[in-house]
Amino acid sequence: AGVFLCQSIVATNEGMNKRTTPPIAMRIARNLRSLRQARQMSQTLLAQAAGVPKSTLHHIESGEGNPSIDTIERLARALGVSIEEFVSS
């Protein structure tokens, strides 16, 4: 039983190390890029308008970022949309 338990823990930990992007992160990335491009805004311009670092914007658009509610609110406001529209599918 002890060997099986150790193998289960190793298998579980290995699976946890594989990083997958949650569907909501991909949806936010897609919406952010689409809204920004529709307004003909560069990442630099949007970052300045929203008061967030450009690197944060890049990470969110790539699907790698995990934006806070505050960051989502700032980006939505700078893009002139509601939070609901910003995160909708």
# chains A, B, ... in the order shown; residues from 1 in each chain; ligands from 1
call {"tool": "residues_around", "arguments": {"residues": "region 74-86 of chain A", "least_positions_apart": "3", "cutoff": "10 Å", "atoms": "only C-alpha atoms", "output": "count of residues only"}}
result
25
call {"tool": "closest_residue", "arguments": {"among": "A:Lys54, A:Glu61, A:Glu73, A:Thr44", "to": "Met26 (chain A)", "atoms": "only C-alpha atoms"}}
result
A:Glu61
call {"tool": "atom_distance", "arguments": {"atom1": "CA of Ser88 (chain A)", "atom2": "CA of Pro22 (chain A)"}}
result
14.4 Å
